[in-house]
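Here's upload_11.cif, which has mmCIF, C-alpha atoms and all ligand atoms:
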```cif
data_protein
#
loop_
_atom_site.label_atom_id
_atom_site.label_comp_id
_atom_site.auth_asym_id
_atom_site.auth_seq_id
_atom_site.Cartn_x
_atom_site.Cartn_y
_atom_site.Cartn_z
CA MET A 1 40.10 135.07 -57.46
CA SER A 2 42.34 138.07 -56.72
CA ILE A 3 44.74 139.18 -59.44
CA ALA A 4 47.69 138.16 -57.24
CA GLU A 5 46.24 134.63 -57.08
CA CYS A 6 45.64 134.66 -60.81
CA TYR A 7 49.36 135.30 -61.40
CA ARG A 8 50.27 132.72 -58.75
CA SER A 9 48.32 130.07 -60.67
CA ASN A 10 51.28 130.30 -63.08
CA LYS A 11 49.29 131.16 -66.16
CA GLN A 12 50.22 134.00 -68.46
CA THR A 13 47.55 136.66 -68.02
CA LEU A 14 45.77 138.66 -70.69
CA SER A 15 44.34 141.93 -69.41
CA PHE A 16 42.97 145.21 -70.77
CA GLU A 17 42.99 148.83 -69.64
CA VAL A 18 40.03 151.17 -70.07
CA PHE A 19 39.59 154.76 -68.89
CA PRO A 20 36.53 156.57 -67.50
CA PRO A 21 34.79 158.93 -69.93
CA LYS A 22 35.74 162.58 -69.77
CA LYS A 23 33.49 165.00 -67.87
CA ASP A 24 30.18 165.53 -69.70
CA ALA A 25 30.80 162.58 -72.03
CA ASP A 26 28.14 159.90 -72.42
CA ILE A 27 28.81 157.34 -69.63
CA SER A 28 26.89 154.62 -71.49
CA LYS A 29 29.71 154.49 -74.10
CA ILE A 30 32.09 152.91 -71.58
CA TYR A 31 29.58 150.16 -70.89
CA GLU A 32 29.46 149.32 -74.59
CA VAL A 33 33.27 149.17 -74.55
CA LEU A 34 33.20 146.91 -71.49
CA ARG A 35 30.65 144.55 -73.06
CA GLU A 36 32.90 144.11 -76.08
CA VAL A 37 36.20 143.68 -74.26
CA ALA A 38 34.67 141.44 -71.57
CA ALA A 39 33.43 139.09 -74.30
CA ILE A 40 37.08 138.37 -75.20
CA GLY A 41 37.51 136.79 -71.77
CA PRO A 42 40.44 138.69 -70.20
CA ASP A 43 41.84 137.66 -66.80
CA PHE A 44 41.20 141.18 -65.52
CA ILE A 45 40.32 144.69 -66.69
CA SER A 46 41.96 147.79 -65.24
CA VAL A 47 40.34 151.22 -64.95
CA THR A 48 42.49 154.34 -64.87
CA TYR A 49 42.20 157.11 -62.30
CA GLY A 50 42.68 160.87 -62.63
CA ALA A 51 45.44 162.30 -60.51
CA SER A 52 42.97 164.62 -58.82
CA GLY A 53 39.27 165.19 -58.47
CA LYS A 54 36.48 163.38 -56.70
CA GLU A 55 34.45 162.93 -59.86
CA ARG A 56 37.16 160.88 -61.59
CA SER A 57 37.61 158.65 -58.53
CA ASP A 58 33.87 158.00 -58.33
CA LYS A 59 33.82 157.02 -62.00
CA THR A 60 36.75 154.64 -61.52
CA VAL A 61 34.96 152.98 -58.58
CA GLU A 62 31.67 152.79 -60.47
CA ILE A 63 33.19 151.31 -63.63
CA ALA A 64 35.34 148.82 -61.69
CA ALA A 65 32.24 147.72 -59.75
CA ASN A 66 30.39 147.23 -63.01
CA ILE A 67 33.21 145.01 -64.34
CA GLU A 68 33.08 142.82 -61.24
CA ARG A 69 29.30 142.65 -60.95
CA GLY A 70 28.19 142.80 -64.55
CA PHE A 71 30.83 140.58 -66.14
CA ASP A 72 32.25 138.56 -63.28
CA ILE A 73 35.77 139.62 -64.28
CA PRO A 74 38.27 140.88 -61.68
CA ALA A 75 38.62 144.67 -61.88
CA LEU A 76 41.89 146.43 -61.16
CA ALA A 77 41.14 149.95 -59.93
CA HIS A 78 44.00 152.41 -60.48
CA LEU A 79 44.56 154.72 -57.52
CA THR A 80 46.87 157.75 -57.45
CA CYS A 81 48.16 159.48 -54.33
CA ILE A 82 50.02 162.55 -55.63
CA ALA A 83 47.59 165.07 -54.15
CA ALA A 84 45.92 162.89 -51.56
CA THR A 85 45.85 162.60 -47.80
CA ARG A 86 45.73 159.27 -45.96
CA GLU A 87 42.12 160.02 -45.01
CA GLU A 88 41.09 160.56 -48.65
CA ILE A 89 42.83 157.37 -49.75
CA GLY A 90 41.22 155.50 -46.86
CA GLU A 91 37.76 156.69 -47.95
CA ILE A 92 38.30 155.49 -51.53
CA LEU A 93 39.61 152.12 -50.34
CA LEU A 94 36.53 151.65 -48.17
CA LYS A 95 34.30 152.53 -51.13
CA LEU A 96 36.15 150.00 -53.30
CA ARG A 97 35.90 147.35 -50.61
CA ALA A 98 32.17 147.99 -50.19
CA LYS A 99 31.72 147.39 -53.94
CA GLY A 100 33.65 144.13 -53.79
CA ILE A 101 36.79 145.43 -55.55
CA ARG A 102 39.93 143.89 -54.12
CA ASN A 103 42.63 144.81 -56.66
CA ILE A 104 44.41 148.16 -56.72
CA LEU A 105 47.07 149.52 -59.07
CA ALA A 106 48.84 151.82 -56.61
CA LEU A 107 50.42 154.83 -58.35
CA LEU A 108 51.90 158.20 -57.59
CA GLY A 109 50.04 159.82 -60.51
CA ASP A 110 51.20 162.46 -62.91
CA PRO A 111 52.10 165.86 -61.45
CA ILE A 112 49.18 168.24 -61.17
CA LYS A 113 49.29 171.81 -62.41
CA GLY A 114 49.76 174.09 -59.40
CA GLY A 115 51.62 171.47 -57.32
CA SER A 116 50.47 168.70 -55.07
CA ALA A 117 49.97 170.49 -51.77
CA GLY A 118 48.56 168.40 -48.98
CA SER A 119 49.85 165.05 -50.15
CA ASP A 120 50.74 162.50 -47.47
CA TYR A 121 52.71 160.39 -49.97
CA ALA A 122 56.03 161.16 -51.66
CA TYR A 123 56.14 158.05 -53.84
CA ALA A 124 53.93 155.16 -54.93
CA SER A 125 55.84 152.89 -52.53
CA ASP A 126 54.41 154.95 -49.61
CA LEU A 127 50.88 154.28 -50.88
CA ILE A 128 51.66 150.58 -51.38
CA ARG A 129 52.96 150.29 -47.80
CA HIS A 130 49.92 152.15 -46.44
CA ILE A 131 47.54 149.77 -48.24
CA ARG A 132 49.54 146.65 -47.29
CA GLU A 133 49.69 147.59 -43.61
CA ASN A 134 46.12 148.80 -43.22
CA TYR A 135 43.99 147.10 -45.86
CA GLY A 136 45.50 143.62 -46.07
CA ASP A 137 42.65 142.15 -48.13
CA PHE A 138 43.65 144.09 -51.29
CA SER A 139 45.97 142.67 -53.89
CA ILE A 140 48.31 145.44 -55.02
CA GLY A 141 49.83 146.13 -58.42
CA ALA A 142 52.36 148.85 -59.28
CA ALA A 143 53.84 150.53 -62.35
CA ALA A 144 57.17 149.52 -63.94
CA TYR A 145 59.19 151.26 -66.65
CA PRO A 146 61.27 149.15 -69.06
CA GLU A 147 63.16 152.25 -70.27
CA GLY A 148 63.14 154.00 -66.90
CA HIS A 149 60.66 156.60 -65.67
CA ILE A 150 60.78 159.95 -67.50
CA ARG A 151 61.81 161.84 -64.33
CA CYS A 152 64.50 159.33 -63.35
CA GLU A 153 67.68 159.75 -65.37
CA ASP A 154 69.62 156.85 -63.84
CA PHE A 155 68.24 153.47 -64.98
CA SER A 156 69.67 151.53 -62.04
CA GLU A 157 68.09 154.01 -59.60
CA GLY A 158 64.77 153.24 -61.32
CA ILE A 159 65.33 149.52 -60.72
CA ARG A 160 66.05 150.30 -57.06
CA HIS A 161 62.77 152.25 -56.86
CA LEU A 162 60.96 149.28 -58.39
CA ARG A 163 62.44 146.98 -55.75
CA LEU A 164 61.21 149.40 -53.06
CA LYS A 165 57.68 148.89 -54.40
CA GLU A 166 58.01 145.13 -54.09
CA GLU A 167 59.46 145.48 -50.57
CA ALA A 168 56.55 147.77 -49.64
CA GLY A 169 54.10 145.03 -50.62
CA ALA A 170 53.39 145.10 -54.38
CA ASP A 171 52.10 141.72 -55.61
CA PHE A 172 52.63 142.35 -59.33
CA PHE A 173 53.74 144.97 -61.85
CA ILE A 174 52.40 146.34 -65.12
CA THR A 175 54.78 148.16 -67.42
CA GLN A 176 54.51 151.36 -69.33
CA LEU A 177 54.24 150.91 -73.10
CA PHE A 178 57.34 150.08 -75.14
CA PHE A 179 57.83 149.34 -78.82
CA ASP A 180 60.92 147.18 -78.81
CA ASN A 181 60.62 143.80 -77.10
CA GLU A 182 64.41 143.61 -76.73
CA VAL A 183 64.15 146.63 -74.41
CA PHE A 184 61.63 144.71 -72.30
CA TYR A 185 63.73 141.52 -72.18
CA ARG A 186 66.80 143.50 -71.08
CA PHE A 187 64.80 145.28 -68.38
CA LEU A 188 63.35 141.96 -67.19
CA ASP A 189 66.82 140.37 -66.91
CA ILE A 190 68.10 143.33 -64.88
CA ALA A 191 65.00 143.42 -62.67
CA ARG A 192 65.26 139.68 -61.91
CA ALA A 193 69.00 139.91 -61.29
CA SER A 194 68.29 142.76 -58.85
CA GLY A 195 66.03 140.55 -56.77
CA ILE A 196 62.61 141.58 -58.09
CA THR A 197 60.55 138.41 -58.01
CA LYS A 198 56.91 139.45 -58.55
CA PRO A 199 55.15 138.91 -61.90
CA ILE A 200 55.57 141.66 -64.48
CA SER A 201 52.95 142.14 -67.21
CA ALA A 202 54.07 143.85 -70.40
CA GLY A 203 52.01 146.93 -71.31
CA ILE A 204 51.23 147.10 -75.03
CA MET A 205 49.85 150.20 -76.74
CA PRO A 206 49.43 150.23 -80.50
CA ILE A 207 50.27 153.23 -82.61
CA LEU A 208 47.06 154.75 -83.94
CA SER A 209 48.28 158.06 -85.31
CA ARG A 210 51.36 160.23 -85.54
CA GLN A 211 49.97 162.78 -83.04
CA GLN A 212 49.18 160.07 -80.49
CA ILE A 213 52.67 158.61 -80.71
CA GLU A 214 54.41 161.98 -80.51
CA ARG A 215 52.41 162.76 -77.35
CA MET A 216 53.30 159.39 -75.80
CA ILE A 217 57.03 159.51 -76.49
CA PHE A 218 57.41 162.95 -74.96
CA MET A 219 55.12 162.15 -72.04
CA CYS A 220 56.69 158.77 -71.23
CA GLY A 221 60.24 158.97 -72.60
CA VAL A 222 59.93 155.76 -74.65
CA SER A 223 62.09 155.14 -77.71
CA LEU A 224 60.89 154.52 -81.25
CA PRO A 225 62.59 151.71 -83.15
CA SER A 226 63.29 152.35 -86.83
CA ARG A 227 60.55 149.86 -87.81
CA ILE A 228 57.98 152.20 -86.29
CA ILE A 229 59.55 155.29 -87.83
CA LYS A 230 59.34 153.57 -91.21
CA LEU A 231 55.63 152.80 -90.68
CA LEU A 232 55.02 156.46 -89.83
CA TYR A 233 56.84 157.43 -93.03
CA ARG A 234 55.10 154.88 -95.25
CA TYR A 235 51.61 155.85 -94.07
CA GLU A 236 52.23 159.56 -93.69
CA ASN A 237 49.10 160.38 -95.71
CA ASP A 238 46.99 157.35 -94.91
CA ASP A 239 45.64 157.42 -91.34
CA GLY A 240 43.54 154.27 -91.74
CA SER A 241 46.47 152.13 -92.93
CA LEU A 242 48.75 153.55 -90.22
CA ARG A 243 46.21 152.58 -87.54
CA GLN A 244 45.88 149.08 -88.98
CA ALA A 245 49.66 148.65 -89.25
CA GLY A 246 50.08 149.96 -85.70
CA ILE A 247 47.64 147.40 -84.29
CA GLU A 248 49.30 144.61 -86.29
CA TYR A 249 52.71 145.66 -84.95
CA ALA A 250 51.34 145.49 -81.39
CA ALA A 251 49.85 142.03 -82.09
CA VAL A 252 53.23 140.75 -83.31
CA GLN A 253 54.85 142.24 -80.19
CA ALA A 254 52.30 140.48 -77.95
CA ARG A 255 52.80 137.11 -79.61
CA ASP A 256 56.59 137.33 -79.33
CA LEU A 257 56.32 138.26 -75.64
CA LEU A 258 54.00 135.35 -74.87
CA ARG A 259 56.21 132.88 -76.72
CA ASN A 260 59.14 134.16 -74.68
CA GLY A 261 57.32 133.38 -71.44
CA VAL A 262 56.25 136.85 -70.25
CA ASP A 263 54.07 136.78 -67.11
CA GLY A 264 51.25 138.65 -68.80
CA ILE A 265 50.17 141.03 -71.56
CA HIS A 266 48.28 144.19 -70.61
CA ILE A 267 46.68 145.92 -73.59
CA TYR A 268 46.02 149.64 -73.44
CA THR A 269 42.72 149.55 -75.35
CA MET A 270 42.20 153.33 -75.34
CA ASN A 271 38.49 152.41 -75.14
CA GLN A 272 38.61 151.04 -78.70
CA PRO A 273 37.51 147.40 -78.42
CA ASP A 274 38.78 146.42 -81.88
CA ILE A 275 42.34 146.92 -80.55
CA ALA A 276 41.75 144.28 -77.86
CA ARG A 277 39.92 142.02 -80.30
CA ILE A 278 42.53 142.09 -83.08
CA ILE A 279 45.51 141.59 -80.76
CA SER A 280 43.77 138.81 -78.78
CA SER A 281 42.74 136.96 -81.91
CA TYR A 282 46.27 137.18 -83.34
CA VAL A 283 47.72 135.33 -80.35
CA SER A 284 46.48 131.76 -80.23
CA ALA A 285 46.20 129.34 -77.31
CA ARG A 286 49.48 127.77 -78.46
CA ASP A 287 51.33 131.04 -77.77
CA PHE A 288 50.45 130.80 -74.06
CA LYS A 289 52.46 128.57 -71.68
CA GLN A 290 50.71 125.18 -71.44
P1 LIG B 301 56.72 156.33 -58.27
O1 LIG B 301 57.04 154.90 -58.16
O2 LIG B 301 56.49 157.09 -57.01
O3 LIG B 301 57.86 157.03 -59.13
C1 LIG B 301 57.80 158.43 -59.46
C2 LIG B 301 59.22 158.95 -59.67
O4 LIG B 301 59.90 158.97 -58.41
C3 LIG B 301 60.07 158.07 -60.58
O5 LIG B 301 60.91 158.88 -61.32
C4 LIG B 301 60.84 157.20 -59.62
O6 LIG B 301 62.03 156.71 -60.20
C5 LIG B 301 61.06 158.15 -58.46
N1 LIG B 301 61.15 157.49 -57.15
C6 LIG B 301 60.41 156.45 -56.69
N2 LIG B 301 60.77 156.13 -55.43
C7 LIG B 301 61.77 156.99 -55.07
C8 LIG B 301 62.54 157.18 -53.90
N3 LIG B 301 62.38 156.42 -52.81
N4 LIG B 301 63.49 158.17 -53.90
C9 LIG B 301 63.66 158.97 -54.98
N5 LIG B 301 62.94 158.83 -56.14
C10 LIG B 301 62.00 157.86 -56.18
N6 LIG B 301 48.71 158.02 -63.94
C11 LIG B 301 47.49 158.49 -63.53
O7 LIG B 301 47.38 159.67 -63.17
N7 LIG B 301 46.39 157.67 -63.52
C12 LIG B 301 46.45 156.36 -63.89
O8 LIG B 301 45.44 155.65 -63.87
C13 LIG B 301 47.72 155.84 -64.32
N8 LIG B 301 47.86 154.53 -64.68
C14 LIG B 301 49.10 154.04 -65.01
C15 LIG B 301 49.23 152.68 -65.31
C16 LIG B 301 50.49 152.14 -65.63
C17 LIG B 301 50.61 150.66 -65.94
C18 LIG B 301 51.63 152.99 -65.68
C19 LIG B 301 52.98 152.44 -66.07
C20 LIG B 301 51.50 154.35 -65.39
C21 LIG B 301 50.25 154.89 -65.04
N9 LIG B 301 50.08 156.25 -64.70
C22 LIG B 301 48.84 156.72 -64.32
C23 LIG B 301 51.22 157.18 -64.81
C24 LIG B 301 51.99 157.29 -63.48
O9 LIG B 301 51.14 157.81 -62.48
C25 LIG B 301 53.17 158.22 -63.75
O10 LIG B 301 54.12 157.63 -64.58
C26 LIG B 301 53.83 158.81 -62.50
O11 LIG B 301 54.68 159.87 -62.89
C27 LIG B 301 54.69 157.79 -61.75
O12 LIG B 301 53.91 156.90 -61.06
P2 LIG B 301 54.57 155.71 -60.18
O13 LIG B 301 53.43 155.08 -59.48
O14 LIG B 301 55.44 154.87 -61.01
O15 LIG B 301 55.42 156.59 -59.15
#
```

Let me see the file written as structure tokens.
Ligand code: FAD
Amino acid sequence: MSIAECYRSNKQTLSFEVFPPKKDADISKIYEVLREVAAIGPDFISVTYGASGKERSDKTVEIAANIERGFDIPALAHLTCIAATREEIGEILLKLRAKGIRNILALLGDPIKGGSAGSDYAYASDLIRHIRENYGDFSIGAAAYPEGHIRCEDFSEGIRHLRLKEEAGADFFITQLFFDNEVFYRFLDIARASGITKPISAGIMPILSRQQIERMIFMCGVSLPSRIIKLLYRYENDDGSLRQAGIEYAAVQARDLLRNGVDGIHIYTMNQPDIARIISSYVSARDFKQ
């Protein structure tokens, strides 16, 4: 079943994100991670993609193929176009197709040091349109930003850009992390009122450490509610308790979202299977739409 069909079946999805190991890292580690997260039974697993570099793209393809073949779980291969030509994107899509992968998260990608010379795509919507028009057998996801994208200062412009992705052919959306569910509900209301109809999964990333969270807020422009700031204060000198409290906070967020009818929950596992396990076990079958 494609991921688009999975959403169409009207169930709330549970999905996980993993990332390929860094250069020179032990590749077998990711397969241990996959074994553990696959055992939880997600609807799909996504694999991130570096903004540049053949090696990263090959790893994304290889890991996504392993998810499909080894675990019989749909894989969502991230694909960025910031420094890519149509020919390069076409080659990767053919590789994915040959490996039986039919779900793409179509992204612009983060800017690359030294510019993005040679790119045939200005925005993710250009990539989405290219895939929709030329590779019709793929189901296509795209990124959404409940607090707006960091480079887009006008929130309603961001909503317009999201609608352009749907018009270009996106089948579903996955959001950037956020820590305040009210922010997500507001965004969802505005998106729906603006005519965006496709399913939107909520991206959940737990706080694991102060450094991690500082990096994320400046990279993504997300806000920190006072409840999180108080956790950071309370566990200033206790990394283990902060990690545990961060995962619990994310689990509570996930349960509230499911009970409020969200289309899906996408957990950024950061390749740490206990994150997926704890959050998934906190939400029970009763929290999902029957
Ligand atoms: P776009 O939709 O192209 O948006 C980029 C910027 O351009 C935004 O500010 C937007 O508002 C603006 N814009 C869009 N359309 C127009 C238009 N027509 N006119 C003017 N402005 C416009 N990055 C990676 O490198 N690898 C990954 O694997 C990866 N996975 C991700 C997964 C998720 C769920 C999310 C939310 C993000 C992910 N990213 C990843 C990060 C993403 O690549 C960056 O946030 C990137 O800066 C924007 O990507 P986009 O696809 O949303 O781009």

Residues of chain A that have any atom at most 8 Å from an atom of ligand LIG 301 (chain B): could you tabulate them with the shortest-distance atom pair and the distance in Å to one decimal, using all atoms listed in the file, ordered by chain and increasing number, as a tab-separated table?
```
residue	atom	partner	partner_atom	distance
A:Phe19	CA	B:LIG301	O8	7.8
A:Val47	CA	B:LIG301	O8	6.8
A:Thr48	CA	B:LIG301	O8	3.4
A:Tyr49	CA	B:LIG301	O8	3.9
A:Gly50	CA	B:LIG301	O7	4.9
A:Ala51	CA	B:LIG301	O7	4.2
A:Ser52	CA	B:LIG301	O7	7.9
A:His78	CA	B:LIG301	O8	4.9
A:Leu79	CA	B:LIG301	O8	6.5
A:Thr80	CA	B:LIG301	O7	6.1
A:Leu105	CA	B:LIG301	C15	7.3
A:Ala106	CA	B:LIG301	O13	6.3
A:Leu107	CA	B:LIG301	O13	3.2
A:Leu108	CA	B:LIG301	O13	4.0
A:Gly109	CA	B:LIG301	O9	3.0
A:Asp110	CA	B:LIG301	O11	4.3
A:Pro111	CA	B:LIG301	O11	6.7
A:Ala122	CA	B:LIG301	O2	6.7
A:Tyr123	CA	B:LIG301	O2	3.3
A:Ala124	CA	B:LIG301	O2	3.8
A:Ser125	CA	B:LIG301	O1	6.1
A:Asp126	CA	B:LIG301	O2	8.0
A:Ala142	CA	B:LIG301	O13	6.3
A:Ala143	CA	B:LIG301	C19	4.3
A:Ala144	CA	B:LIG301	C19	5.5
A:Tyr145	CA	B:LIG301	C19	6.3
A:Gly148	CA	B:LIG301	O6	7.3
A:His149	CA	B:LIG301	O5	4.9
A:Ile150	CA	B:LIG301	O5	6.3
A:Arg151	CA	B:LIG301	O5	4.3
A:Cys152	CA	B:LIG301	O5	4.1
A:Glu153	CA	B:LIG301	O5	7.9
A:Glu157	CA	B:LIG301	O6	6.7
A:Gly158	CA	B:LIG301	O6	4.6
A:Ile159	CA	B:LIG301	O6	7.9
A:His161	CA	B:LIG301	N2	4.6
A:Leu162	CA	B:LIG301	O1	6.9
A:Leu164	CA	B:LIG301	N3	7.1
A:Lys165	CA	B:LIG301	O1	7.1
A:Phe173	CA	B:LIG301	C17	7.7
A:Ile174	CA	B:LIG301	C17	4.7
A:Thr175	CA	B:LIG301	C19	4.8
A:Gln176	CA	B:LIG301	C19	3.8
A:Leu177	CA	B:LIG301	C19	7.3
A:Gly203	CA	B:LIG301	C17	6.7
A:Cys220	CA	B:LIG301	O10	7.2
```

Could you tell me how far CA of Glu166 in chain A lies from CA of Ala4 in chain A, in Å and to one decimal? 12.8 Å

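Considering the residues A:Leu224, A:Leu208, A:Met1, A:Ile213 and counting all atoms listed in the file, Asp274 in chain A has its shortest atom-to-atom contact with A:Leu208.
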
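When CA of Ile89 in chain A is paired with CA of Phe172 in chain A, their separation reads 20.3 Å.
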
Record the distance separating CA of Ala251 in chain A and CA of Asp180 in chain A, expressed in Å with one decimal.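 Atom-to-atom, CA of Ala251 in chain A and CA of Asp180 in chain A are spaced 12.6 Å apart.
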
Minimum-distance residue to Arg255 in chain A, chosen among A:Leu231, A:Ala191, A:Ile92, A:Leu14 (using only C-alpha atoms):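 The closest residue to Arg255 in chain A is A:Leu14.
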
Looking at only C-alpha atoms, which of A:Glu133, A:Asp26, A:Asp72, A:Asp256 is the one that sits closest to Gly41 in chain A?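 The answer is A:Asp72, which sits nearest to Gly41 in chain A.
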
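Nearest to His266 in chain A of all the residues A:Ser139, A:Asn10, A:Ser46, A:Ser119 is A:Ser46, based on all atoms listed in the file.
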
From the set A:Ile128, A:Asn237, A:Glu17, A:Arg192, which residue has the shortest atom-to-atom contact distance to Ile265 in chain A, counting all atoms listed in the file?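 Distance minimum relative to Ile265 in chain A lands on A:Glu17.
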